[in-house]
>>> print(open('final.cif').read())   # mmCIF, C-alpha atoms
data_start
#
loop_
_atom_site.label_atom_id
_atom_site.label_comp_id
_atom_site.auth_asym_id
_atom_site.auth_seq_id
_atom_site.Cartn_x
_atom_site.Cartn_y
_atom_site.Cartn_z
CA MET A 28 149.27 349.01 152.16
CA SER A 29 151.02 349.67 148.85
CA MET A 30 149.31 348.41 145.70
CA THR A 31 149.83 348.22 141.97
CA VAL A 32 147.68 350.18 139.54
CA SER A 33 145.72 347.01 138.69
CA GLU A 34 145.10 346.27 142.37
CA LYS A 35 143.91 349.83 142.98
CA ILE A 36 141.44 349.66 140.09
CA LEU A 37 140.05 346.31 141.26
CA ALA A 38 139.82 347.61 144.83
CA ARG A 39 137.76 350.58 143.67
CA ALA A 40 135.52 348.37 141.52
CA SER A 41 134.87 345.94 144.38
CA GLY A 42 134.22 348.62 147.00
CA LYS A 43 137.32 347.83 149.04
CA ASP A 44 140.06 350.02 150.46
CA ARG A 45 142.67 347.49 149.40
CA VAL A 46 143.07 344.13 147.76
CA GLU A 47 145.95 341.69 147.55
CA ALA A 48 147.23 339.53 144.72
CA GLY A 49 145.53 336.15 144.86
CA GLU A 50 142.40 337.51 146.50
CA ILE A 51 139.02 336.83 144.85
CA VAL A 52 136.89 339.93 144.39
CA MET A 53 133.49 340.65 142.89
CA ALA A 54 134.02 343.75 140.77
CA SER A 55 131.51 346.11 139.19
CA ILE A 56 131.99 346.39 135.43
CA ASP A 57 132.24 349.81 133.80
CA VAL A 58 132.19 348.73 130.14
CA ALA A 59 131.13 345.40 128.62
CA MET A 60 131.97 344.90 124.94
CA THR A 61 130.98 342.09 122.61
CA HIS A 62 131.11 341.59 118.84
CA ASP A 63 129.41 339.71 116.05
CA LEU A 64 131.36 336.47 116.45
CA THR A 65 131.13 335.90 120.22
CA GLY A 66 128.06 338.01 120.97
CA PRO A 67 125.36 335.53 119.88
CA LEU A 68 126.54 332.94 122.41
CA SER A 69 126.47 335.63 125.13
CA VAL A 70 122.91 336.51 124.14
CA GLU A 71 121.84 332.86 124.13
CA SER A 72 123.38 332.32 127.58
CA PHE A 73 121.78 335.52 128.91
CA GLU A 74 118.36 334.34 127.76
CA ARG A 75 118.89 331.02 129.55
CA ILE A 76 119.45 332.91 132.81
CA GLY A 77 115.88 334.14 132.54
CA ARG A 78 116.49 337.86 132.91
CA ASP A 79 114.36 340.14 130.76
CA ARG A 80 116.61 343.19 130.84
CA VAL A 81 120.36 343.78 130.93
CA TRP A 82 121.72 345.48 134.02
CA ASP A 83 122.65 348.75 132.25
CA PRO A 84 122.26 349.24 128.49
CA GLU A 85 124.41 352.38 128.67
CA LYS A 86 127.47 350.34 129.68
CA ILE A 87 127.22 347.68 126.96
CA VAL A 88 128.95 348.20 123.61
CA VAL A 89 128.26 345.99 120.59
CA ILE A 90 130.60 346.20 117.59
CA PHE A 91 130.55 344.20 114.36
CA ASP A 92 134.08 343.55 113.07
CA HIS A 93 134.93 339.87 112.57
CA GLN A 94 132.73 338.94 109.64
CA VAL A 95 131.78 342.23 107.99
CA PRO A 96 130.10 342.41 105.66
CA ALA A 97 128.54 339.02 106.32
CA ASP A 98 130.37 336.34 104.33
CA SER A 99 128.05 333.41 105.03
CA LEU A 100 124.49 332.65 106.03
CA ASP A 101 125.69 331.89 109.58
CA ALA A 102 127.39 335.28 109.78
CA ALA A 103 124.28 337.04 108.51
CA GLN A 104 122.17 335.26 111.11
CA ASN A 105 124.64 336.21 113.85
CA HIS A 106 124.30 339.83 112.80
CA MET A 107 120.53 339.54 112.95
CA ILE A 108 120.68 338.05 116.46
CA MET A 109 122.79 340.94 117.71
CA ARG A 110 120.73 343.62 115.98
CA ASP A 111 117.57 342.20 117.57
CA PHE A 112 119.27 342.11 120.99
CA VAL A 113 120.47 345.70 120.67
CA ARG A 114 116.99 346.87 119.70
CA GLU A 115 115.16 344.89 122.39
CA GLN A 116 117.51 345.99 125.17
CA GLY A 117 117.81 349.62 124.14
CA ILE A 118 121.59 349.45 123.70
CA LYS A 119 122.63 352.76 122.17
CA ASN A 120 126.33 352.01 121.86
CA PHE A 121 125.99 349.85 118.78
CA TYR A 122 128.39 349.98 115.84
CA ASP A 123 127.25 348.01 112.82
CA VAL A 124 129.43 346.82 109.94
CA ARG A 125 130.80 350.23 109.00
CA GLU A 126 132.98 351.25 111.97
CA GLY A 127 135.87 348.78 112.23
CA VAL A 128 137.76 346.64 114.73
CA CYS A 129 136.35 346.65 118.26
CA HIS A 130 139.64 347.39 120.02
CA GLN A 131 140.19 350.46 117.87
CA VAL A 132 136.61 351.69 117.88
CA LEU A 133 136.07 351.38 121.64
CA PRO A 134 138.68 354.02 122.60
CA GLU A 135 138.04 356.15 119.51
CA LYS A 136 134.39 356.57 120.49
CA GLY A 137 135.25 357.53 124.06
CA HIS A 138 134.22 354.35 125.84
CA VAL A 139 137.61 353.87 127.54
CA VAL A 140 138.91 356.09 130.33
CA PRO A 141 141.50 355.52 133.09
CA GLY A 142 140.57 353.64 136.24
CA GLU A 143 137.74 351.56 134.76
CA VAL A 144 137.19 347.81 134.64
CA ILE A 145 136.52 346.82 131.03
CA VAL A 146 135.62 343.35 129.83
CA GLY A 147 135.11 342.06 126.32
CA THR A 148 134.38 338.72 124.71
CA ASP A 149 137.69 338.88 122.87
CA SER A 150 141.11 338.03 124.26
CA HIS A 151 142.70 341.24 122.98
CA THR A 152 140.45 343.41 125.12
CA CYS A 153 143.64 343.95 127.14
CA THR A 154 144.47 346.58 124.48
CA HIS A 155 142.51 349.17 126.45
CA GLY A 156 144.91 349.01 129.37
CA ALA A 157 147.04 351.40 127.32
CA LEU A 158 144.70 354.12 128.63
CA GLY A 159 145.14 353.15 132.27
CA ALA A 160 142.11 350.86 132.59
CA PHE A 161 142.01 347.28 133.83
CA ALA A 162 140.82 345.57 130.65
CA THR A 163 140.60 341.87 129.99
CA GLY A 164 138.95 339.28 127.80
CA ILE A 165 136.24 336.98 129.14
CA GLY A 166 134.15 334.10 127.83
CA SER A 167 130.71 334.48 126.32
CA THR A 168 128.99 332.79 129.26
CA ASP A 169 130.80 335.10 131.68
CA MET A 170 129.54 338.00 129.59
CA ALA A 171 126.00 336.70 130.04
CA MET A 172 126.43 337.11 133.79
CA VAL A 173 127.78 340.61 133.26
CA PHE A 174 124.74 341.42 131.12
CA ALA A 175 122.53 340.18 133.95
CA THR A 176 124.30 341.59 137.01
CA GLY A 177 126.95 344.11 135.98
CA LYS A 178 129.48 342.23 138.10
CA LEU A 179 132.12 339.56 137.63
CA TRP A 180 134.57 337.83 139.90
CA PHE A 181 138.32 338.16 139.43
CA ARG A 182 141.38 336.73 141.05
CA VAL A 183 143.55 339.78 141.68
CA PRO A 184 146.67 339.26 139.53
CA GLU A 185 150.29 339.70 140.43
CA THR A 186 152.03 342.40 138.40
CA ILE A 187 155.13 342.20 136.26
CA ARG A 188 156.41 345.65 135.36
CA PHE A 189 158.53 345.97 132.24
CA GLU A 190 160.84 348.95 132.74
CA ILE A 191 161.78 349.75 129.15
CA SER A 192 164.72 352.05 128.50
CA GLY A 193 166.62 353.30 125.48
CA SER A 194 165.81 355.19 122.31
CA LEU A 195 164.45 353.13 119.43
CA ARG A 196 166.64 353.01 116.34
CA LYS A 197 165.35 353.87 112.91
CA HIS A 198 162.84 351.31 111.57
CA VAL A 199 162.23 349.93 115.09
CA TYR A 200 158.76 350.29 116.58
CA ALA A 201 156.55 349.31 119.49
CA LYS A 202 155.74 346.03 117.71
CA ASP A 203 159.43 345.12 117.79
CA VAL A 204 159.62 345.97 121.49
CA ILE A 205 156.71 343.74 122.46
CA LEU A 206 157.81 340.87 120.20
CA ASN A 207 161.25 341.04 121.80
CA ILE A 208 159.72 340.92 125.29
CA ILE A 209 157.47 337.99 124.40
CA GLY A 210 160.47 336.16 122.95
CA LYS A 211 162.32 336.60 126.24
CA VAL A 212 159.43 335.86 128.59
CA GLY A 213 157.79 333.07 126.60
CA ALA A 214 154.18 332.41 125.64
CA ASP A 215 153.28 331.43 129.22
CA GLY A 216 155.86 333.48 131.11
CA ALA A 217 153.36 336.00 132.47
CA THR A 218 150.32 333.76 132.90
CA TYR A 219 147.45 335.59 134.66
CA MET A 220 149.72 338.52 135.51
CA ALA A 221 149.05 342.20 134.94
CA CYS A 222 151.73 343.21 132.45
CA GLU A 223 152.64 346.80 133.22
CA PHE A 224 154.67 348.77 130.67
CA ALA A 225 156.74 351.66 131.98
CA GLY A 226 160.04 353.47 131.59
CA GLU A 227 161.44 356.22 129.40
CA THR A 228 160.78 354.39 126.15
CA VAL A 229 157.08 353.98 126.93
CA ALA A 230 156.86 357.61 128.04
CA ASP A 231 158.11 358.63 124.59
CA MET A 232 155.54 356.45 122.82
CA SER A 233 152.22 357.67 121.47
CA VAL A 234 148.96 356.25 122.79
CA SER A 235 148.71 354.20 119.58
CA ASP A 236 152.12 352.65 120.23
CA ARG A 237 151.21 351.85 123.82
CA MET A 238 148.12 350.07 122.53
CA VAL A 239 150.45 347.73 120.60
CA LEU A 240 152.19 346.77 123.85
CA SER A 241 148.98 346.21 125.80
CA ASN A 242 147.34 344.38 122.89
CA MET A 243 149.96 341.65 122.91
CA ALA A 244 150.20 341.15 126.67
CA ILE A 245 147.88 338.17 126.21
CA GLU A 246 150.49 336.55 123.95
CA MET A 247 152.70 335.95 127.00
CA GLY A 248 149.75 334.78 129.08
CA GLY A 249 148.93 338.11 130.71
CA LYS A 250 145.56 338.90 132.28
CA THR A 251 145.88 342.49 131.13
CA GLY A 252 148.42 344.90 129.71
CA ILE A 253 148.46 348.31 131.33
CA VAL A 254 150.23 351.68 131.15
CA GLU A 255 149.95 354.29 133.87
CA PRO A 256 148.13 357.37 132.54
CA ASP A 257 150.15 360.49 131.76
CA GLU A 258 149.51 363.77 129.93
CA LYS A 259 149.30 361.97 126.57
CA THR A 260 146.66 359.64 127.95
CA ILE A 261 144.61 362.48 129.40
CA ARG A 262 144.74 364.48 126.17
CA TYR A 263 143.60 361.45 124.18
CA VAL A 264 140.75 360.67 126.59
CA GLU A 265 139.48 364.22 127.05
CA ARG A 266 139.26 364.75 123.29
CA ARG A 267 137.01 361.72 122.96
CA SER A 268 135.06 361.22 126.17
CA ASP A 269 133.13 363.20 128.74
CA LYS A 270 133.09 360.33 131.24
CA PRO A 271 134.64 360.91 134.67
CA TYR A 272 137.86 359.01 135.32
CA ARG A 273 140.41 358.28 138.02
CA VAL A 274 144.15 358.02 137.57
CA PHE A 275 145.86 355.30 139.57
CA ARG A 276 149.59 354.63 139.78
CA THR A 277 151.67 351.73 141.04
CA ASP A 278 153.41 352.03 144.38
CA PRO A 279 157.03 350.92 143.81
CA ASP A 280 156.99 348.89 147.03
CA ALA A 281 153.79 346.97 146.24
CA PRO A 282 154.27 343.39 147.54
CA SER A 283 153.04 341.68 144.38
CA LEU A 284 155.21 343.73 142.02
CA SER A 285 158.13 342.22 140.13
CA VAL A 286 160.25 344.22 137.69
CA MET A 287 162.01 343.22 134.48
CA GLU A 288 164.49 345.68 132.96
CA VAL A 289 164.43 345.87 129.15
CA ASP A 290 166.99 347.91 127.21
CA VAL A 291 165.95 348.47 123.60
CA SER A 292 168.81 350.74 122.54
CA ASP A 293 170.32 348.15 120.20
CA LEU A 294 167.10 346.44 119.18
CA GLU A 295 166.62 345.68 115.49
CA PRO A 296 163.29 344.84 113.82
CA GLN A 297 161.86 341.59 115.16
CA VAL A 298 159.92 338.79 113.48
CA ALA A 299 157.80 336.12 115.16
CA CYS A 300 158.28 332.89 113.21
CA PRO A 301 155.82 329.98 112.86
CA HIS A 302 153.98 328.67 114.70
CA ASN A 303 154.25 330.52 118.02
CA VAL A 304 154.40 334.20 118.93
CA ASP A 305 157.38 333.64 121.24
CA ASN A 306 159.48 332.15 118.40
CA VAL A 307 161.06 335.56 117.84
CA LYS A 308 164.17 336.35 115.80
CA PRO A 309 165.84 339.53 114.52
CA VAL A 310 164.84 340.26 110.93
CA SER A 311 168.47 339.81 109.88
CA GLU A 312 168.16 336.12 110.76
CA VAL A 313 164.97 335.56 108.75
CA ASP A 314 165.22 335.29 104.96
CA VAL A 315 161.97 333.75 103.77
CA GLU A 316 160.01 334.24 100.56
CA ILE A 317 156.41 335.29 101.11
CA ASP A 318 153.11 335.01 99.25
CA GLN A 319 151.00 337.53 101.13
CA VAL A 320 151.35 340.62 103.32
CA PHE A 321 148.56 341.64 105.68
CA LEU A 322 148.78 345.20 107.00
CA GLY A 323 146.06 345.75 109.59
CA SER A 324 144.41 344.25 112.70
CA CYS A 325 143.85 345.58 116.23
CA THR A 326 147.63 345.49 116.71
CA ASN A 327 148.94 347.47 113.75
CA GLY A 328 146.08 348.81 111.67
CA ARG A 329 146.26 352.36 113.02
CA LEU A 330 147.06 355.55 111.16
CA SER A 331 150.70 355.55 112.29
CA ASP A 332 151.13 352.06 110.86
CA LEU A 333 149.63 353.07 107.52
CA ARG A 334 151.93 356.08 107.45
CA ASP A 335 154.99 353.92 108.14
CA ALA A 336 154.05 351.49 105.38
CA ALA A 337 153.13 354.21 102.87
CA ALA A 338 156.47 355.95 103.38
CA ILE A 339 158.17 352.77 102.17
CA LEU A 340 155.71 351.94 99.38
CA LYS A 341 155.63 355.42 97.85
CA ASN A 342 156.93 355.27 94.26
CA ARG A 343 157.44 351.51 94.64
CA GLU A 344 155.40 348.47 93.65
CA VAL A 345 154.40 345.32 95.44
CA ALA A 346 156.29 342.36 93.98
CA ASP A 347 154.42 340.35 91.35
CA SER A 348 154.75 337.27 93.52
CA VAL A 349 153.04 338.95 96.49
CA ARG A 350 149.46 339.98 97.21
CA MET A 351 149.19 342.72 99.82
CA LEU A 352 146.07 343.49 101.85
CA VAL A 353 145.70 346.84 103.59
CA ILE A 354 142.87 346.86 106.13
CA PRO A 355 142.53 350.00 108.29
CA ALA A 356 141.48 349.32 111.85
CA SER A 357 138.53 351.72 111.76
CA ARG A 358 136.51 354.06 109.61
CA GLU A 359 138.21 357.00 111.32
CA VAL A 360 141.62 355.61 110.39
CA TYR A 361 140.40 354.94 106.83
CA ARG A 362 139.12 358.50 106.38
CA ARG A 363 142.27 360.11 107.74
CA ALA A 364 144.42 357.88 105.56
CA LEU A 365 142.32 358.93 102.58
CA SER A 366 142.75 362.61 103.38
CA GLU A 367 146.52 362.19 103.67
CA GLY A 368 146.78 360.39 100.32
CA LEU A 369 147.97 357.14 101.87
CA MET A 370 145.34 355.03 100.13
CA GLU A 371 146.44 356.33 96.75
CA ILE A 372 149.98 355.21 97.56
CA PHE A 373 148.77 351.72 98.47
CA VAL A 374 146.61 351.36 95.39
CA ASP A 375 149.34 352.68 93.09
CA ALA A 376 151.75 350.17 94.62
CA GLY A 377 149.36 347.33 93.79
CA ALA A 378 147.94 346.63 97.25
CA LEU A 379 144.30 345.72 97.84
CA VAL A 380 142.56 348.12 100.24
CA CYS A 381 139.66 346.54 102.15
CA ASN A 382 136.94 347.83 104.46
CA PRO A 383 137.78 348.23 108.17
CA CYS A 384 137.46 344.80 109.80
CA CYS A 385 139.50 341.98 111.31
CA GLY A 386 140.22 340.54 107.86
CA PRO A 387 142.28 337.34 107.80
CA CYS A 388 143.38 337.65 111.44
CA LEU A 389 141.11 334.86 112.66
CA GLY A 390 140.81 332.93 109.45
CA GLY A 391 138.23 335.50 108.46
CA HIS A 392 136.35 336.17 105.27
CA VAL A 393 139.13 337.81 103.24
CA GLY A 394 142.79 337.11 102.61
CA LEU A 395 143.12 333.47 103.58
CA VAL A 396 146.36 331.68 102.70
CA GLY A 397 146.46 328.24 101.17
CA PRO A 398 148.50 325.09 101.88
CA GLY A 399 152.23 325.76 101.75
CA GLU A 400 151.82 329.54 101.43
CA VAL A 401 153.59 332.09 103.63
CA SER A 402 151.93 335.17 105.11
CA LEU A 403 153.71 338.10 106.73
CA SER A 404 151.24 339.85 109.01
CA THR A 405 151.19 342.87 111.30
CA SER A 406 148.65 341.09 113.52
CA ASN A 407 149.23 339.42 116.88
CA ARG A 408 149.04 335.65 116.37
CA ASN A 409 150.72 333.17 114.05
CA PHE A 410 149.29 329.88 115.30
CA ARG A 411 148.87 327.06 112.82
CA GLY A 412 145.72 327.69 110.79
CA ARG A 413 145.34 331.23 112.09
CA GLN A 414 144.99 332.79 108.64
CA GLY A 415 143.69 329.89 106.61
CA SER A 416 145.27 326.54 105.89
CA PRO A 417 146.97 324.70 108.79
CA GLU A 418 149.67 323.87 106.25
CA ALA A 419 150.46 327.56 105.73
CA GLU A 420 152.98 329.60 107.70
CA VAL A 421 152.39 333.00 109.32
CA TYR A 422 155.14 335.41 110.36
CA LEU A 423 154.54 338.57 112.41
CA SER A 424 156.27 341.93 112.06
CA SER A 425 155.89 345.69 112.20
CA ALA A 426 154.17 347.65 109.43
CA ALA A 427 157.53 348.86 108.11
CA VAL A 428 158.97 345.36 107.74
CA ALA A 429 155.70 344.23 106.16
CA ALA A 430 155.82 347.00 103.56
CA ALA A 431 159.48 346.46 102.70
CA SER A 432 158.87 342.74 102.38
CA ALA A 433 155.91 343.31 100.06
CA VAL A 434 158.27 345.12 97.69
CA THR A 435 161.07 342.54 97.73
CA GLY A 436 158.96 339.37 97.98
CA ARG A 437 160.86 338.12 101.04
CA ILE A 438 161.07 339.16 104.68
CA THR A 439 163.24 342.26 104.54
CA HIS A 440 164.74 344.93 106.80
CA PRO A 441 163.38 348.31 105.61
CA ALA A 442 166.94 349.67 105.52
CA GLU A 443 167.63 347.43 102.51
CA LEU A 444 165.41 349.69 100.38
CA GLU A 445 167.19 352.91 101.28
#
>>> encode(input="final.cif", output="C-alpha cells")
Amino acid sequence: MSMTVSEKILARASGKDRVEAGEIVMASIDVAMTHDLTGPLSVESFERIGRDRVWDPEKIVVIFDHQVPADSLDAAQNHMIMRDFVREQGIKNFYDVREGVCHQVLPEKGHVVPGEVIVGTDSHTCTHGALGAFATGIGSTDMAMVFATGKLWFRVPETIRFEISGSLRKHVYAKDVILNIIGKVGADGATYMACEFAGETVADMSVSDRMVLSNMAIEMGGKTGIVEPDEKTIRYVERRSDKPYRVFRTDPDAPSLSVMEVDVSDLEPQVACPHNVDNVKPVSEVDVEIDQVFLGSCTNGRLSDLRDAAAILKNREVADSVRMLVIPASREVYRRALSEGLMEIFVDAGALVCNPCCGPCLGGHVGLVGPGEVSLSTSNRNFRGRQGSPEAEVYLSSAAVAAASAVTGRITHPAELE
C-alpha cells in the first residue's frame, strides 16, 4: 500500500508495516522537548502519575527561551523547577538561558534527524519537519505521559502537498510564500493535516528557508509541516548529528494525499494584517505607520534573516518614530552575526540588539506594544494581544520588509529604498 512520508514515519514508530489516515496508533517518541514556560506543568503532571524516573533521559531536551533571563519571580521559580527536574532525572540535553529559541537550538545541536517522531510542548514544534521528521506540538499533560512511557497516541493525518513552482522575485522570501499559502487556505483550511512542502521552489530553498514553511504550518491548522529530505537536508544533519536516520518519501499515489499547486513566479512581498494570520495582503496594498519592528523569533530570527535586514539597514538609520528590536534566534546565530559585522550595522542604525530568546512573540518580557500602537514583526502570529496590549495591532512580514519599514516608519516594499 502506498503511503505519505508522514504515514511511513508513524508506521515505523508504531511498529507497523503500514498505517492509514484516520487510524489511531501508539507511536514511540524519538525526541521530547519542553521549555521554561510549559515545562513546569509537564513536571507537575509527571509527578502526579507517580513515576520516579523518566523513560529515557537521553531523549528529553529542555531549553529555556520564553522568559530569559527571568523577568519575574514566577519565571525564576519556573526555571528552578526545571533545573531541579533536569538534575534529578539526569537529563543531559539541557540548555539554560544562554542558548536561544528551542526550535532553532534543537536542530542546531543535532537533536533532529529525518524519520523521527518529535514532540514538544510548543505549537511550533512542527518547524522540525523541515528536516524530514514528523514533528508536532503537544500539551503539557501529554508530555507527562511521554516522560513516563516514551509513547503517545496519534490519529494518522491526511496529507496536503503544496507543489510550489516558480522562481522567487527579488525581495521575496520563504516567509512570503507561506503567508500567501495561508491566505489562500485559511487559518483552519488544513486542520490536523500533514502539510507537505515540495516542488522546484522548495528544492531551491535552504534548510533555514524550509524551516520557515514548516514553522507556520500550524497557522493553517496543520498537525505538522514536512519536507522530504534531500542532499541539503543530509548535509545539514550530518554536520550536526551522529544519530542514525531514515529517509522516507511520499508515494504519489498514496490514498490520503491531496495536492495544491502554487505558482510563486509573480509573488510580491506579503503582509499578514491584524488580527489573523490568514488576513494576508500584498505589501503594495498595505500603507500603515508603525511604532515598532521586531526582527527575530523561531520563524525569522536566523542568520539569513539578519543578513537580509542588515543589507537594507547598512548606512541607513531607523526612523525616529520607530523602535526596532533585533533578537537572534540562537547563540550560534548571534555569534556568526557578530563575526560578519551584522550587529554593528544594527546598532549603528539605531536598533536594539537583545539576547537570543522569544522576545515579544508571546507577550514576553521585552518589546511589548501599548494600546493603539502598531508592531511589524517577523514572527508567526498576530492575534489580538499577542505582543502586549489587546488594543495594539500586529502585522507580519519578512525580514526585508521589516527592515525597510523600520527606515521609513511605515510598512514598505524594500524596492522603495533602492
>>> resolve_selection(input="final.cif", expression="the PyMOL selection byres ((chain A and resi 165-168) around 7)", output="JSON, numbers by chain")
{"A": [65, 66, 68, 69, 72, 146, 147, 148, 149, 150, 163, 164, 169, 170, 171, 172]}
>>> residues_around(input="final.cif", residues="Gln414 (chain A)", least_positions_apart="2", cutoff="8 Å", atoms="only C-alpha atoms", output="list in words")
Pro387, Cys388, Leu389, Gly390, Gly391, Gly394, Leu395, Val396, Asn409, Gly412, Ser416 and Val421 of chain A
>>> atom_distance(input="final.cif", atom1="CA of Val204 (chain A)", atom2="CA of Ser292 (chain A)")
10.4 Å
>>> resolve_selection(input="final.cif", expression="the PyMOL selection byres ((chain A and resi 245) around 10)", output="list in words")
Ser150, His151, Thr152, Cys153, Thr154, Thr163, Gly164, Ile209, Ala214, Asp215, Ala217, Thr218, Tyr219, Met220, Ala221, Cys222, Leu240, Ser241, Asn242, Met243, Ala244, Glu246, Met247, Gly248, Gly249, Lys250, Thr251, Gly252 and Asn407 of chain A
>>> resolve_selection(input="final.cif", expression="the PyMOL selection byres ((chain A and resi 111-116) around 9)", output="list of chain:residue names")
A:Val70, A:Asp79, A:Arg80, A:Val81, A:Pro84, A:Val89, A:His106, A:Met107, A:Ile108, A:Met109, A:Arg110, A:Gly117, A:Ile118, A:Lys119, A:Asn120, A:Phe121
>>> write_last_selection(input="final.cif", atoms="C-alpha atoms", output="PDB file, in the frame of the given file")
ATOM      1  CA  VAL A  70     122.910 336.510 124.140  1.00  0.00           C
ATOM      2  CA  ASP A  79     114.360 340.140 130.760  1.00  0.00           C
ATOM      3  CA  ARG A  80     116.610 343.190 130.840  1.00  0.00           C
ATOM      4  CA  VAL A  81     120.360 343.780 130.930  1.00  0.00           C
ATOM      5  CA  PRO A  84     122.260 349.240 128.490  1.00  0.00           C
ATOM      6  CA  VAL A  89     128.260 345.990 120.590  1.00  0.00           C
ATOM      7  CA  HIS A 106     124.300 339.830 112.800  1.00  0.00           C
ATOM      8  CA  MET A 107     120.530 339.540 112.950  1.00  0.00           C
ATOM      9  CA  ILE A 108     120.680 338.050 116.460  1.00  0.00           C
ATOM     10  CA  MET A 109     122.790 340.940 117.710  1.00  0.00           C
ATOM     11  CA  ARG A 110     120.730 343.620 115.980  1.00  0.00           C
ATOM     12  CA  GLY A 117     117.810 349.620 124.140  1.00  0.00           C
ATOM     13  CA  ILE A 118     121.590 349.450 123.700  1.00  0.00           C
ATOM     14  CA  LYS A 119     122.630 352.760 122.170  1.00  0.00           C
ATOM     15  CA  ASN A 120     126.330 352.010 121.860  1.00  0.00           C
ATOM     16  CA  PHE A 121     125.990 349.850 118.780  1.00  0.00           C
TER      17      PHE A 121
END
>>> atom_distance(input="final.cif", atom1="CA of Glu344 (chain A)", atom2="CA of Thr435 (chain A)")
9.2 Å
>>> closest_atom_pairs(input="final.cif", of="region 116-220 of chain A", to="region 358-379 of chain A", cutoff="9 Å", atoms="all atoms listed in the file", output="tab-separated table")
residue	atom	partner	partner_atom	distance
A:Arg125	CA	A:Arg358	CA	6.9
A:Glu126	CA	A:Arg358	CA	5.1
A:Gly127	CA	A:Arg358	CA	5.9
A:Val132	CA	A:Glu359	CA	8.6
A:Glu135	CA	A:Glu359	CA	8.2
>>> atom_distance(input="final.cif", atom1="CA of Cys325 (chain A)", atom2="CA of Ser406 (chain A)")
7.1 Å
>>> closest_residue(input="final.cif", among="A:Gly213, A:Pro398, A:Gly159, A:Gly436", to="Asp314 (chain A)", atoms="all atoms listed in the file")
A:Gly436
>>> axis_aligned_box(input="final.cif", around="region 155-174 of chain A", padding_each_side="8 Å", output="JSON")
{"center_x": 135.9, "center_y": 343.5, "center_z": 130.1, "size_x": 38.3, "size_y": 37.3, "size_z": 23.5}
>>> residues_around(input="final.cif", residues="Lys202 (chain A)", least_positions_apart="6", cutoff="9 Å", atoms="all atoms listed in the file", output="PyMOL selection string")
chain A and resi 236+239-240+243+296-297+326-327+405+424-426
>>> residues_around(input="final.cif", residues="region 31-46 of chain A", least_positions_apart="5", cutoff="6 Å", atoms="all atoms listed in the file", output="list in words")
Met53, Ala54, Ser55, Gly142, Phe275, Arg276, Thr277, Asp278 and Ala281 of chain A
>>> residues_around(input="final.cif", residues="Val289 (chain A)", least_positions_apart="3", cutoff="7 Å", atoms="only C-alpha atoms", output="CSV table (one decimal) with C-alpha atoms, keeping the file's coordinate frame")
chain,number,residue,atom,x,y,z
A,189,PHE,CA,158.5,346.0,132.2
A,190,GLU,CA,160.8,349.0,132.7
A,191,ILE,CA,161.8,349.8,129.2
A,192,SER,CA,164.7,352.0,128.5
>>> closest_residue(input="final.cif", among="A:Phe161, A:Ile187, A:Met60, A:Ser99", to="Pro282 (chain A)", atoms="all atoms listed in the file")
A:Ile187
>>> residues_around(input="final.cif", residues="Phe321 (chain A)", least_positions_apart="4", cutoff="7 Å", atoms="all atoms listed in the file", output="number ranges by chain")
A: 351-353, 403-405
>>> residues_near_point(input="final.cif", point="(132.9, 348.7, 116.7)", cutoff="8 Å", atoms="only C-alpha atoms", output="ChimeraX atom specification")
/A:62,88-92,121-124,126-133
>>> residues_near_point(input="final.cif", point="(130.2, 345.4, 137.1)", cutoff="7 Å", atoms="all atoms listed in the file", output="ChimeraX atom specification")
/A:54-57,173,177-179
>>> build_atoms(input="final.cif", residues="region 99-110 of chain A", atoms="N, CA and C atoms", output="compact mmCIF listing (two decimals), in the coordinates of the input")
# COMPACT_ATOMS: atom_id res chain seq x y z
N SER A 99 128.74 334.70 105.06
CA SER A 99 128.05 333.41 105.03
C SER A 99 126.67 333.59 105.63
N LEU A 100 125.83 332.60 105.44
CA LEU A 100 124.49 332.65 106.03
C LEU A 100 124.58 332.67 107.56
N ASP A 101 125.51 331.89 108.12
CA ASP A 101 125.69 331.89 109.58
C ASP A 101 126.06 333.28 110.08
N ALA A 102 126.98 333.94 109.36
CA ALA A 102 127.39 335.28 109.78
C ALA A 102 126.22 336.25 109.71
N ALA A 103 125.44 336.17 108.65
CA ALA A 103 124.28 337.04 108.51
C ALA A 103 123.28 336.82 109.64
N GLN A 104 123.09 335.56 110.01
CA GLN A 104 122.17 335.26 111.11
C GLN A 104 122.71 335.75 112.45
N ASN A 105 124.03 335.66 112.63
CA ASN A 105 124.64 336.21 113.85
C ASN A 105 124.40 337.71 113.94
N HIS A 106 124.55 338.39 112.82
CA HIS A 106 124.30 339.83 112.80
C HIS A 106 122.85 340.12 113.17
N MET A 107 121.95 339.33 112.66
CA MET A 107 120.53 339.54 112.95
C MET A 107 120.24 339.34 114.44
N ILE A 108 120.85 338.31 115.02
CA ILE A 108 120.68 338.05 116.46
C ILE A 108 121.11 339.26 117.27
N MET A 109 122.26 339.81 116.94
CA MET A 109 122.79 340.94 117.71
C MET A 109 122.00 342.22 117.46
N ARG A 110 121.56 342.43 116.25
CA ARG A 110 120.73 343.62 115.98
C ARG A 110 119.42 343.55 116.76
